[in-house]
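In what follows, a single structure is set out as structure tokens and then discussed.
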Amino acid sequence: MAGTIDQAKMKFSKMVNSRSYTRFNQTPDGESSHVEVKMSADTEEEEMDGAEQGHIGHEMYTRSPRRPASWNKWKICASVTVVLLLVCIGFLIGYSVHHQPETPPCPLSSTQQPRQEVQPPVFDNPKPSMDWSDVVKLLNETLTAESVQKRICEYSVVYKAGSSEDYLLADKIHNFFANLHMKTWDDEHFVKLQYPSSSNPNKVMFGSEEIGSPKGFLAYSATGMKQGRVVYANYGEPQDLAILEENKLNLNGSVVLMRAGKISMAQKVANVAKKGAVAVLIYPDPADYDGMPQDTELYGHVHLGSGDPYTPGFPSFNHTQFPPTKSSGLPDILAQTITADMAVKIFNKMGGNGAPKSFQGGLSNYKLGNETDPLLTVEVNNELIDTKIHNVFGAIKGFIDTDRYVVIGAQRDSMTSGFAKSAVGTALLVELARAFSEMVKGGFRPRRSIVFASWSAGDFGNVGLTEWLEGYATSLDKKAFTYISLDGVVTGEGSFKASASPSLQGLLQKTLEKVKDPVSSKPYDSRLSLLGSYGGTLASLLKPMEMDDGAYPFLTFSGIPSVSFSFTSQGQDRSVDYKYFGTALDDKGHLEDVTKRKVSELSLGGAQVAGQMALRLVHNHILKLDVTKYNDEIDKRVSAIVCYTNQLKNAKVSKSESVSTKWLSAAKGSFIRASDNLKNYMDNSNVEDLEMSRIINNRIMKVEHNLLSPYVSLRDVPFRHIFFGSGWQTASDLENYLKDVIAGNTTLDVDQVLRKFALLTWTIQGCANDLAGDIWSLDNEVE
């Protein structure tokens, strides 16, 4: 039957389509061209149907004389009738043979759902490649004391930023990453670094006597020559300057002598600059630098910020054009380091009263200074040098959320020997990269990516690191969820210190509970963990994150949760974490001495802490960032502000009644409820659902960044974090201002207070709103 139908169709097609026609085209010269176009495309059918050709015929239609119309009309009608009759007969026969009644579908029960055509998910959702215990076991197998020691030997020497040796070291690290088959790249920046003049050294004179020409220097000091009477200000902390004021000593126009320690050199310079000082001299006191030769030179910087101070808030790419500008953290006064021997000469020539006991250190003679003393002259001739620096990166790509990554970084350069400052961290960086790469070969499949970063120009104020953050500021906080710093990870033995964002403190504690004390030879138990060996509680190990910390710009500039840590020497009241930092004595021999020959073991412990934290962050479905830890931080800060405000009102301070704390308290409540709700939501969600876990992780990642104040300028206030940053937008700045008003040190500027209250309130409230998720979940009610 099918053959009959096909044959009929073929005949009908030939009648309609198997024709040709002739078209006459007029050519440019007026002649006609005869073109015959055949409409049938299937010559094989003509051959197969040769028997019918005689009956139907093959006609060629041209504009030549035609056959009689009656003959043509009869033929067409007869042919069409035959074809239609055959088609109808074939259709009736086929329908009767092949038609079967359809079975109606069964009605759906209340629990049965129709099967839908599901599109493949954007992300694959494989099961974890291995349990967490297997991950730790694999890390322990690939990361050993011997491998760490080998890497330390290979990277024991570091160099000045931008030097040819630094370039070679960067190439060495790049090639190491590449040989591990990691995704590897470099980041170039063109920055301004300051060094002493090779032909015109810096000098210090007391009257007509030359105190010396120190080789050490403070980068980013103002340059020139200044004179003034000398005043001794201990460490230069605010309480030290208050003692000077009590002794009727005015710093305006003076040269201030201070000892190193307690706070950064940049902070010392900034503190006395506010008091009108014209120059600063900083020396290492034997009480803080015990056992160190008194002719030891100090090196450092005095930029109260990070990054290239001549492109504040912007990356120093070569193609970026800027008008002349500079960071607000650059000092306008001279700053220079001197040796302890030079300080002795100055003290011996100073007059005035003897310094109070709290100002005295390891020298024999301390005086505050006298207006009748000869003038002290400071000459600084440092030069700014345009320098190309390289940051080096290697990445192990995640197998699910490739675009989310933890960054592990270490400073590569040093003004001096830099063994503890840079070399150990660099060695651990490349060793962790090797260990993680081996783990991937062994079957580990990280959900998220791991980026290893080697920074340059760290000794000048985290320049390379900050320039990278500035260059990719619009996207990093949406992709990088944690930074782990390896700078100065071993500076002593017997103690452990850490600085961490609140959201990372829970993970840090869990890690310290599981990592064995590296100097213990006994089998692991909870008492021999790092946490058990060094205090038992995380609170006893935590310290505020300082501006010179490599993790600080990540946290306060980019809003990325960050952590740094270090094995240190015992002694809670030490004014200097590691006395050899910033000196030529920061070498392997001295670090071995202070660690009792345990550099390799302690370095392994540091690698284990960084490694387990990073692996945990890329292994679990949900990021190990506990945003509820910010509940306590916000409650503590807001409660302090409320307390001081109430004191102002109780004291009947003028216009204090205009200040209300209810909106700030409401914002605090909104955040606490939002974080608690998110935790409950996580506890009741299927975290193995990849889309669900990604949505939750996105909300977690936004918290730290949303605590950066959006109301301040990056150029003027780069560290915008309202709790850990620096500037007038911080909660601590408002606290300190209210305390000064209560103490009578200043008058209440109610407009300034109201503005600070409003901006702080809406930064916290905005963070709470984003944490809450959907717009209908927002909580702006005042309770």
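Each chain in the structure tokens gets a letter, A, B, ..., in the order shown, and its residues are numbered from 1; ligands are numbered from 1 in order too.
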*asked:* What parts of segment 161-328 of chain A does DSSP call alpha helix (DSSP H)? I'd like the answer as JSON, numbers by chain.
replied: {"A": [164, 165, 166, 167, 168, 169, 170, 171, 172, 173, 174, 175, 176, 177, 178, 179, 238, 239, 240, 241, 242, 243, 244, 245, 246, 265, 266, 267, 268, 269, 270, 271, 272, 273]}
*Extract, using only C-alpha atoms, all DNA, RNA and protein residues at most 8 Å from Asn382 of chain A, discarding same-chain residues fewer than 4 positions from it, and format them as a PyMOL selection string.*
chain A and resi 194-197+202+219+221+223
_Top pick for closest residue to Lys497 of chain A, considering A:Gly606, A:Asp683, A:Asp401, A:Asp548 and counting only C-alpha atoms_ = A:Gly606
Residue contacts of Thr387 of chain A (6 Å, only C-alpha atoms) excluding same-chain residues fewer than 4 positions away, as a PDB file with C-alpha atoms, in the first residue's frame:
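Wrote it out as result-v6.pdb, contents follow:
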ATOM      1  CA  GLY A 162      62.461  45.815  41.853  1.00  0.00           C
ATOM      2  CA  PHE A 190      55.124  50.652  38.115  1.00  0.00           C
ATOM      3  CA  VAL A 191      55.513  52.236  41.540  1.00  0.00           C
ATOM      4  CA  LYS A 192      57.540  54.884  43.312  1.00  0.00           C
TER       5      LYS A 192
END
Might you pull out every residue within 6 Å of Ser449 of chain A, with only C-alpha atoms counted and same-chain residues fewer than 2 positions away left off, and present them as a compact mmCIF listing (two decimals) with N, CA, C and O atoms, in the first residue's frame?
# COMPACT_ATOMS: atom_id res chain seq x y z
N ILE A 396 45.30 26.70 41.58
CA ILE A 396 44.71 25.38 41.42
C ILE A 396 43.21 25.59 41.28
O ILE A 396 42.55 26.05 42.22
N LYS A 397 42.67 25.29 40.12
CA LYS A 397 41.27 25.60 39.85
C LYS A 397 40.34 24.63 40.56
O LYS A 397 40.60 23.43 40.61
N GLY A 398 39.26 25.18 41.11
CA GLY A 398 38.25 24.36 41.74
C GLY A 398 37.47 23.57 40.72
O GLY A 398 37.40 23.94 39.54
N THR A 402 34.65 27.37 40.33
CA THR A 402 35.99 27.78 39.91
C THR A 402 36.22 29.26 40.13
O THR A 402 37.34 29.70 40.40
N TYR A 405 37.59 31.81 45.19
CA TYR A 405 38.91 31.33 45.57
C TYR A 405 39.38 31.91 46.89
O TYR A 405 39.00 33.01 47.30
Give me, as a tab-separated table, each residue of segment 264-350 of chain A that comes within 12 Å of segment 550-562 of chain A, together with its shortest interatomic pair and the distance in Å at one decimal, counting only C-alpha atoms, with rows ordered by chain and rising residue number.
residue	atom	partner	partner_atom	distance
A:Gly305	CA	A:Pro553	CA	8.9
A:Ser306	CA	A:Pro553	CA	7.3
A:Gly307	CA	A:Pro553	CA	9.1
A:Pro312	CA	A:Phe557	CA	11.7
A:Gly313	CA	A:Phe557	CA	9.3
A:Phe314	CA	A:Phe557	CA	11.9
*Which is closer to His174 of chain A than all the others in A:Phe393, A:Phe671, A:Tyr232, A:Phe317, using only C-alpha atoms?*
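Closest to His174 of chain A of all the choices is A:Phe393.
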*Select from segment 456-570 of chain A everything DSSP, run on the backbone, classes as strand (DSSP E), then give the selection as a PyMOL selection string.*
chain A and resi 480-485+494-500+562-569
*Residues near Ser660 of chain A, cut-off 10 Å, only C-alpha atoms, skip fewer than 4 positions along chain, as an MDAnalysis selection string*: chainID A and resid 642 645:646 656 664:665 754 757
*asked:* Can you pull out the residues contacting Trp468 of chain A? Cut-off 12 Å, using only C-alpha atoms, and skip same-chain residues under 2 positions away; I want them as a PyMOL selection string.
replied: chain A and resi 186-191+306-308+313-317+389-393+453-457+462-466+470-476+553-554+557-558
Could the residues in this selection be saved with N, CA, C and O atoms as a short mmCIF file (atom, residue, chain, number, x, y, z; two decimals), in the first residue's frame?
data_model
loop_
_atom_site.label_atom_id
_atom_site.label_comp_id
_atom_site.auth_asym_id
_atom_site.auth_seq_id
_atom_site.Cartn_x
_atom_site.Cartn_y
_atom_site.Cartn_z
N ASP A 186 51.75 36.64 35.89
CA ASP A 186 52.41 37.73 36.62
C ASP A 186 51.56 38.98 36.53
O ASP A 186 50.76 39.14 35.61
N ASP A 187 51.78 39.87 37.48
CA ASP A 187 51.10 41.16 37.50
C ASP A 187 52.17 42.23 37.64
O ASP A 187 52.91 42.24 38.63
N GLU A 188 52.29 43.11 36.67
CA GLU A 188 53.31 44.16 36.70
C GLU A 188 52.72 45.47 37.20
O GLU A 188 51.61 45.84 36.81
N HIS A 189 53.48 46.15 38.04
CA HIS A 189 53.09 47.48 38.49
C HIS A 189 54.31 48.39 38.44
O HIS A 189 55.44 47.95 38.65
N PHE A 190 54.06 49.66 38.18
CA PHE A 190 55.12 50.65 38.12
C PHE A 190 54.90 51.63 39.26
O PHE A 190 53.98 52.45 39.23
N VAL A 191 55.74 51.52 40.28
CA VAL A 191 55.51 52.24 41.54
C VAL A 191 56.70 53.12 41.87
O VAL A 191 57.79 52.99 41.30
N SER A 306 48.96 51.88 52.85
CA SER A 306 49.61 50.80 52.13
C SER A 306 49.51 51.08 50.64
O SER A 306 48.67 51.85 50.19
N GLY A 307 50.39 50.43 49.88
CA GLY A 307 50.40 50.65 48.44
C GLY A 307 51.29 51.82 48.06
O GLY A 307 51.96 52.45 48.90
N ASP A 308 51.31 52.11 46.77
CA ASP A 308 52.08 53.24 46.25
C ASP A 308 51.41 54.53 46.72
O ASP A 308 50.28 54.83 46.32
N GLY A 313 44.52 54.81 46.16
CA GLY A 313 43.21 54.31 45.76
C GLY A 313 43.14 53.80 44.35
O GLY A 313 42.10 53.30 43.91
N PHE A 314 44.25 53.92 43.58
CA PHE A 314 44.25 53.51 42.18
C PHE A 314 45.46 52.62 41.92
O PHE A 314 46.51 52.77 42.55
N PRO A 315 45.37 51.70 40.97
CA PRO A 315 46.50 50.80 40.69
C PRO A 315 47.59 51.50 39.91
O PRO A 315 47.31 52.37 39.07
N SER A 316 48.83 51.12 40.17
CA SER A 316 49.97 51.72 39.48
C SER A 316 50.32 50.94 38.22
O SER A 316 51.42 50.40 38.09
N PHE A 317 49.36 50.86 37.30
CA PHE A 317 49.65 50.24 36.02
C PHE A 317 50.37 51.26 35.14
O PHE A 317 50.17 52.48 35.27
N ILE A 389 57.69 46.40 39.49
CA ILE A 389 57.66 45.25 40.39
C ILE A 389 56.75 44.18 39.81
O ILE A 389 55.86 44.47 39.00
N HIS A 390 56.96 42.94 40.25
CA HIS A 390 56.18 41.81 39.76
C HIS A 390 55.53 41.09 40.92
O HIS A 390 56.20 40.73 41.89
N ASN A 391 54.23 40.87 40.83
CA ASN A 391 53.54 39.90 41.67
C ASN A 391 53.39 38.62 40.86
O ASN A 391 53.10 38.67 39.67
N VAL A 392 53.59 37.49 41.49
CA VAL A 392 53.53 36.20 40.80
C VAL A 392 52.39 35.37 41.38
O VAL A 392 52.23 35.30 42.60
N PHE A 393 51.60 34.74 40.51
CA PHE A 393 50.43 33.99 40.94
C PHE A 393 50.42 32.58 40.33
O PHE A 393 50.85 32.38 39.19
N ALA A 453 49.96 33.61 45.94
CA ALA A 453 50.43 34.93 45.50
C ALA A 453 51.74 35.28 46.17
O ALA A 453 51.88 35.22 47.40
N SER A 454 52.72 35.66 45.37
CA SER A 454 54.01 36.14 45.86
C SER A 454 54.09 37.63 45.58
O SER A 454 54.13 38.06 44.42
N TRP A 455 54.12 38.43 46.66
CA TRP A 455 54.04 39.88 46.53
C TRP A 455 55.44 40.52 46.56
O TRP A 455 56.33 40.04 47.26
N SER A 456 55.59 41.61 45.85
CA SER A 456 56.82 42.39 45.90
C SER A 456 56.56 43.74 46.58
O SER A 456 55.42 44.17 46.71
N ALA A 457 57.66 44.38 47.03
CA ALA A 457 57.61 45.69 47.68
C ALA A 457 56.78 45.68 48.95
O ALA A 457 56.18 46.69 49.31
N ASN A 462 53.36 47.02 52.00
CA ASN A 462 52.48 46.13 51.23
C ASN A 462 52.11 46.73 49.87
O ASN A 462 50.94 46.72 49.46
N VAL A 463 53.11 47.22 49.17
CA VAL A 463 52.85 47.94 47.92
C VAL A 463 52.29 47.02 46.84
O VAL A 463 51.24 47.27 46.26
N GLY A 464 53.01 45.92 46.55
CA GLY A 464 52.55 45.03 45.49
C GLY A 464 51.18 44.45 45.78
O GLY A 464 50.32 44.38 44.89
N LEU A 465 50.97 44.03 47.01
CA LEU A 465 49.68 43.47 47.42
C LEU A 465 48.55 44.48 47.23
O LEU A 465 47.51 44.18 46.65
N THR A 466 48.77 45.70 47.71
CA THR A 466 47.71 46.71 47.65
C THR A 466 47.43 47.14 46.22
O THR A 466 46.26 47.38 45.85
N GLU A 470 43.85 47.17 44.44
CA GLU A 470 43.30 48.36 43.79
C GLU A 470 42.98 48.09 42.32
O GLU A 470 41.98 48.59 41.78
N GLY A 471 43.81 47.28 41.66
CA GLY A 471 43.62 47.01 40.24
C GLY A 471 42.36 46.22 39.96
O GLY A 471 41.78 46.33 38.87
N TYR A 472 41.94 45.41 40.91
CA TYR A 472 40.78 44.54 40.67
C TYR A 472 39.74 44.73 41.77
O TYR A 472 39.04 43.80 42.17
N ALA A 473 39.61 45.96 42.22
CA ALA A 473 38.75 46.28 43.37
C ALA A 473 37.28 45.99 43.08
O ALA A 473 36.52 45.67 44.00
N THR A 474 36.86 46.10 41.84
CA THR A 474 35.44 45.94 41.54
C THR A 474 34.97 44.49 41.54
O THR A 474 33.77 44.22 41.58
N SER A 475 35.91 43.56 41.51
CA SER A 475 35.49 42.16 41.40
C SER A 475 36.04 41.26 42.50
O SER A 475 35.46 40.21 42.78
N LEU A 476 37.14 41.64 43.14
CA LEU A 476 37.79 40.72 44.07
C LEU A 476 36.89 40.31 45.23
O LEU A 476 36.87 39.15 45.64
N PRO A 553 45.28 45.09 54.46
CA PRO A 553 44.59 45.69 53.30
C PRO A 553 43.46 44.82 52.76
O PRO A 553 42.44 45.35 52.30
N PHE A 554 43.63 43.50 52.79
CA PHE A 554 42.55 42.63 52.34
C PHE A 554 41.29 42.86 53.17
O PHE A 554 40.19 42.95 52.64
N PHE A 557 40.61 47.30 53.30
CA PHE A 557 40.49 48.00 52.03
C PHE A 557 39.51 47.29 51.11
O PHE A 557 38.65 47.93 50.49
N SER A 558 39.62 45.95 51.02
CA SER A 558 38.79 45.20 50.08
C SER A 558 37.60 44.51 50.73
O SER A 558 36.72 44.02 50.03
#
*Which value, in Å to one decimal, gives the distance between atom CA of Pro518 of chain A and atom CA of Leu139 of chain A?*
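Going from atom CA of Pro518 of chain A over to atom CA of Leu139 of chain A covers 15.0 Å.
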*From A:Lys275, A:Lys479, A:Lys649, A:Lys624, residue lying nearest Val255 of chain A [only C-alpha atoms]*: A:Lys275
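Considering only C-alpha atoms, the residue among A:Ser670, A:Ser164, A:Ser603, A:Ser133 positioned nearest to Leu432 of chain A is A:Ser603.
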With a distance cut-off of 10 Å and only C-alpha atoms, select the neighbouring residues of segment 747-753 of chain A, excluding the residue or stretch itself and same-chain residues fewer than 2 positions from it, and output the selection as an mmCIF file with all heavy atoms, in the first residue's frame.
data_model
loop_
_atom_site.group_PDB
_atom_site.id
_atom_site.type_symbol
_atom_site.label_atom_id
_atom_site.label_comp_id
_atom_site.auth_asym_id
_atom_site.auth_seq_id
_atom_site.Cartn_x
_atom_site.Cartn_y
_atom_site.Cartn_z
ATOM 1 N N LEU A 648 27.090 61.489 78.499
ATOM 2 C CA LEU A 648 26.978 62.892 78.081
ATOM 3 C C LEU A 648 25.648 63.486 78.524
ATOM 4 O O LEU A 648 25.591 64.626 79.024
ATOM 5 C CB LEU A 648 27.110 62.997 76.561
ATOM 6 C CG LEU A 648 28.483 62.771 75.930
ATOM 7 C CD1 LEU A 648 28.385 62.878 74.418
ATOM 8 C CD2 LEU A 648 29.490 63.791 76.457
ATOM 9 N N VAL A 653 25.591 67.746 79.144
ATOM 10 C CA VAL A 653 26.419 68.422 78.149
ATOM 11 C C VAL A 653 25.509 69.103 77.137
ATOM 12 O O VAL A 653 24.505 68.525 76.696
ATOM 13 C CB VAL A 653 27.358 67.428 77.452
ATOM 14 C CG1 VAL A 653 28.123 68.095 76.317
ATOM 15 C CG2 VAL A 653 28.323 66.822 78.460
ATOM 16 N N SER A 654 25.860 70.322 76.802
ATOM 17 C CA SER A 654 25.022 71.118 75.911
ATOM 18 C C SER A 654 24.744 70.397 74.601
ATOM 19 O O SER A 654 25.657 69.868 73.953
ATOM 20 C CB SER A 654 25.702 72.458 75.625
ATOM 21 O OG SER A 654 24.954 73.220 74.711
ATOM 22 N N LYS A 655 23.470 70.357 74.210
ATOM 23 C CA LYS A 655 22.969 69.788 72.962
ATOM 24 C C LYS A 655 23.064 68.258 72.911
ATOM 25 O O LYS A 655 22.756 67.656 71.878
ATOM 26 C CB LYS A 655 23.692 70.375 71.752
ATOM 27 C CG LYS A 655 23.481 71.877 71.589
ATOM 28 C CD LYS A 655 24.141 72.386 70.320
ATOM 29 C CE LYS A 655 23.914 73.889 70.157
ATOM 30 N NZ LYS A 655 24.550 74.393 68.922
ATOM 31 N N SER A 656 23.488 67.616 73.984
ATOM 32 C CA SER A 656 23.583 66.154 73.963
ATOM 33 C C SER A 656 22.213 65.496 73.870
ATOM 34 O O SER A 656 22.099 64.346 73.448
ATOM 35 C CB SER A 656 24.304 65.653 75.219
ATOM 36 O OG SER A 656 23.592 66.027 76.391
ATOM 37 N N GLU A 657 21.161 66.234 74.250
ATOM 38 C CA GLU A 657 19.818 65.663 74.155
ATOM 39 C C GLU A 657 19.401 65.441 72.707
ATOM 40 O O GLU A 657 18.449 64.695 72.430
ATOM 41 C CB GLU A 657 18.810 66.580 74.848
ATOM 42 C CG GLU A 657 18.566 67.922 74.170
ATOM 43 C CD GLU A 657 19.623 68.962 74.518
ATOM 44 O OE1 GLU A 657 20.542 68.613 75.288
ATOM 45 O OE2 GLU A 657 19.527 70.105 74.030
ATOM 46 N N SER A 658 20.104 66.062 71.760
ATOM 47 C CA SER A 658 19.777 65.884 70.341
ATOM 48 C C SER A 658 20.270 64.547 69.790
ATOM 49 O O SER A 658 19.871 64.149 68.689
ATOM 50 C CB SER A 658 20.392 67.018 69.510
ATOM 51 O OG SER A 658 19.940 68.277 69.965
ATOM 52 N N VAL A 659 21.135 63.909 70.543
ATOM 53 C CA VAL A 659 21.742 62.662 70.066
ATOM 54 C C VAL A 659 20.898 61.485 70.536
ATOM 55 O O VAL A 659 20.687 61.296 71.729
ATOM 56 C CB VAL A 659 23.185 62.521 70.577
ATOM 57 C CG1 VAL A 659 23.806 61.232 70.040
ATOM 58 C CG2 VAL A 659 24.014 63.737 70.179
ATOM 59 N N LEU A 734 34.389 57.306 66.774
ATOM 60 C CA LEU A 734 33.248 57.898 67.467
ATOM 61 C C LEU A 734 33.348 57.674 68.972
ATOM 62 O O LEU A 734 33.084 58.585 69.763
ATOM 63 C CB LEU A 734 31.947 57.304 66.919
ATOM 64 C CG LEU A 734 30.638 57.785 67.554
ATOM 65 C CD1 LEU A 734 30.527 59.308 67.516
ATOM 66 C CD2 LEU A 734 29.436 57.136 66.870
ATOM 67 N N TYR A 737 35.974 60.063 70.374
ATOM 68 C CA TYR A 737 35.504 61.451 70.397
ATOM 69 C C TYR A 737 34.560 61.687 71.577
ATOM 70 O O TYR A 737 34.675 62.687 72.298
ATOM 71 C CB TYR A 737 34.802 61.779 69.081
ATOM 72 C CG TYR A 737 34.269 63.191 69.021
ATOM 73 C CD1 TYR A 737 35.123 64.261 68.748
ATOM 74 C CD2 TYR A 737 32.923 63.467 69.266
ATOM 75 C CE1 TYR A 737 34.642 65.560 68.704
ATOM 76 C CE2 TYR A 737 32.441 64.761 69.224
ATOM 77 C CZ TYR A 737 33.302 65.802 68.953
ATOM 78 O OH TYR A 737 32.823 67.088 68.922
ATOM 79 N N LEU A 738 33.645 60.747 71.790
ATOM 80 C CA LEU A 738 32.717 60.889 72.912
ATOM 81 C C LEU A 738 33.470 60.862 74.244
ATOM 82 O O LEU A 738 33.126 61.613 75.176
ATOM 83 C CB LEU A 738 31.661 59.781 72.871
ATOM 84 C CG LEU A 738 30.709 59.812 71.660
ATOM 85 C CD1 LEU A 738 29.784 58.601 71.688
ATOM 86 C CD2 LEU A 738 29.888 61.099 71.643
ATOM 87 N N ASP A 740 36.542 61.892 74.725
ATOM 88 C CA ASP A 740 37.234 63.180 74.867
ATOM 89 C C ASP A 740 36.274 64.272 75.329
ATOM 90 O O ASP A 740 36.649 65.144 76.125
ATOM 91 C CB ASP A 740 37.873 63.587 73.526
ATOM 92 C CG ASP A 740 39.125 62.778 73.216
ATOM 93 O OD1 ASP A 740 39.686 62.176 74.151
ATOM 94 O OD2 ASP A 740 39.525 62.743 72.035
ATOM 95 N N VAL A 741 35.046 64.244 74.831
ATOM 96 C CA VAL A 741 34.054 65.231 75.274
ATOM 97 C C VAL A 741 33.748 65.036 76.757
ATOM 98 O O VAL A 741 33.674 66.003 77.530
ATOM 99 C CB VAL A 741 32.768 65.114 74.432
ATOM 100 C CG1 VAL A 741 31.683 66.048 74.989
ATOM 101 C CG2 VAL A 741 33.044 65.458 72.969
ATOM 102 N N ILE A 742 33.579 63.775 77.171
ATOM 103 C CA ILE A 742 33.297 63.484 78.580
ATOM 104 C C ILE A 742 34.448 63.935 79.468
ATOM 105 O O ILE A 742 34.246 64.495 80.554
ATOM 106 C CB ILE A 742 33.041 61.975 78.763
ATOM 107 C CG1 ILE A 742 31.749 61.572 78.038
ATOM 108 C CG2 ILE A 742 32.968 61.604 80.238
ATOM 109 C CD1 ILE A 742 31.546 60.071 77.963
ATOM 110 N N ALA A 743 35.706 63.733 78.983
ATOM 111 C CA ALA A 743 36.884 64.116 79.771
ATOM 112 C C ALA A 743 37.152 65.611 79.733
ATOM 113 O O ALA A 743 38.027 66.105 80.444
ATOM 114 C CB ALA A 743 38.102 63.358 79.276
ATOM 115 N N GLY A 744 36.411 66.351 78.909
ATOM 116 C CA GLY A 744 36.610 67.788 78.821
ATOM 117 C C GLY A 744 37.750 68.198 77.919
ATOM 118 O O GLY A 744 38.174 69.361 77.927
ATOM 119 N N ASN A 745 38.263 67.257 77.106
ATOM 120 C CA ASN A 745 39.374 67.573 76.203
ATOM 121 C C ASN A 745 38.908 68.302 74.949
ATOM 122 O O ASN A 745 39.721 68.885 74.235
ATOM 123 C CB ASN A 745 40.109 66.294 75.799
ATOM 124 C CG ASN A 745 40.732 65.586 76.983
ATOM 125 O OD1 ASN A 745 41.161 66.240 77.948
ATOM 126 N ND2 ASN A 745 40.802 64.263 76.926
ATOM 127 N N ARG A 755 26.200 63.238 62.304
ATOM 128 C CA ARG A 755 26.627 62.707 61.012
ATOM 129 C C ARG A 755 27.301 61.338 61.186
ATOM 130 O O ARG A 755 27.032 60.397 60.434
ATOM 131 C CB ARG A 755 27.582 63.695 60.333
ATOM 132 C CG ARG A 755 28.061 63.219 58.961
ATOM 133 C CD ARG A 755 28.758 64.341 58.191
ATOM 134 N NE ARG A 755 29.925 64.844 58.912
ATOM 135 C CZ ARG A 755 29.987 66.034 59.516
ATOM 136 N NH1 ARG A 755 28.929 66.845 59.492
ATOM 137 N NH2 ARG A 755 31.081 66.431 60.121
ATOM 138 N N LYS A 756 28.169 61.219 62.178
ATOM 139 C CA LYS A 756 28.838 59.942 62.411
ATOM 140 C C LYS A 756 27.847 58.860 62.818
ATOM 141 O O LYS A 756 27.948 57.705 62.386
ATOM 142 C CB LYS A 756 29.918 60.101 63.482
ATOM 143 C CG LYS A 756 31.131 60.909 63.018
ATOM 144 C CD LYS A 756 32.212 60.918 64.079
ATOM 145 C CE LYS A 756 33.452 61.646 63.577
ATOM 146 N NZ LYS A 756 34.565 61.593 64.546
ATOM 147 N N PHE A 757 26.881 59.248 63.659
ATOM 148 C CA PHE A 757 25.852 58.293 64.057
ATOM 149 C C PHE A 757 25.080 57.796 62.834
ATOM 150 O O PHE A 757 24.829 56.587 62.679
ATOM 151 C CB PHE A 757 24.875 58.942 65.046
ATOM 152 C CG PHE A 757 25.154 58.616 66.485
ATOM 153 C CD1 PHE A 757 26.002 59.408 67.235
ATOM 154 C CD2 PHE A 757 24.571 57.518 67.084
ATOM 155 C CE1 PHE A 757 26.265 59.119 68.556
ATOM 156 C CE2 PHE A 757 24.817 57.219 68.412
ATOM 157 C CZ PHE A 757 25.669 58.019 69.159
ATOM 158 N N ALA A 758 24.688 58.714 61.962
ATOM 159 C CA ALA A 758 23.875 58.341 60.806
ATOM 160 C C ALA A 758 24.639 57.410 59.865
ATOM 161 O O ALA A 758 24.104 56.378 59.424
ATOM 162 C CB ALA A 758 23.429 59.600 60.061
#
_Just the number, please: distance in Å from atom CA of Gly291 of chain A to atom CA of Pro238 of chain A, one decimal._
28.4 Å
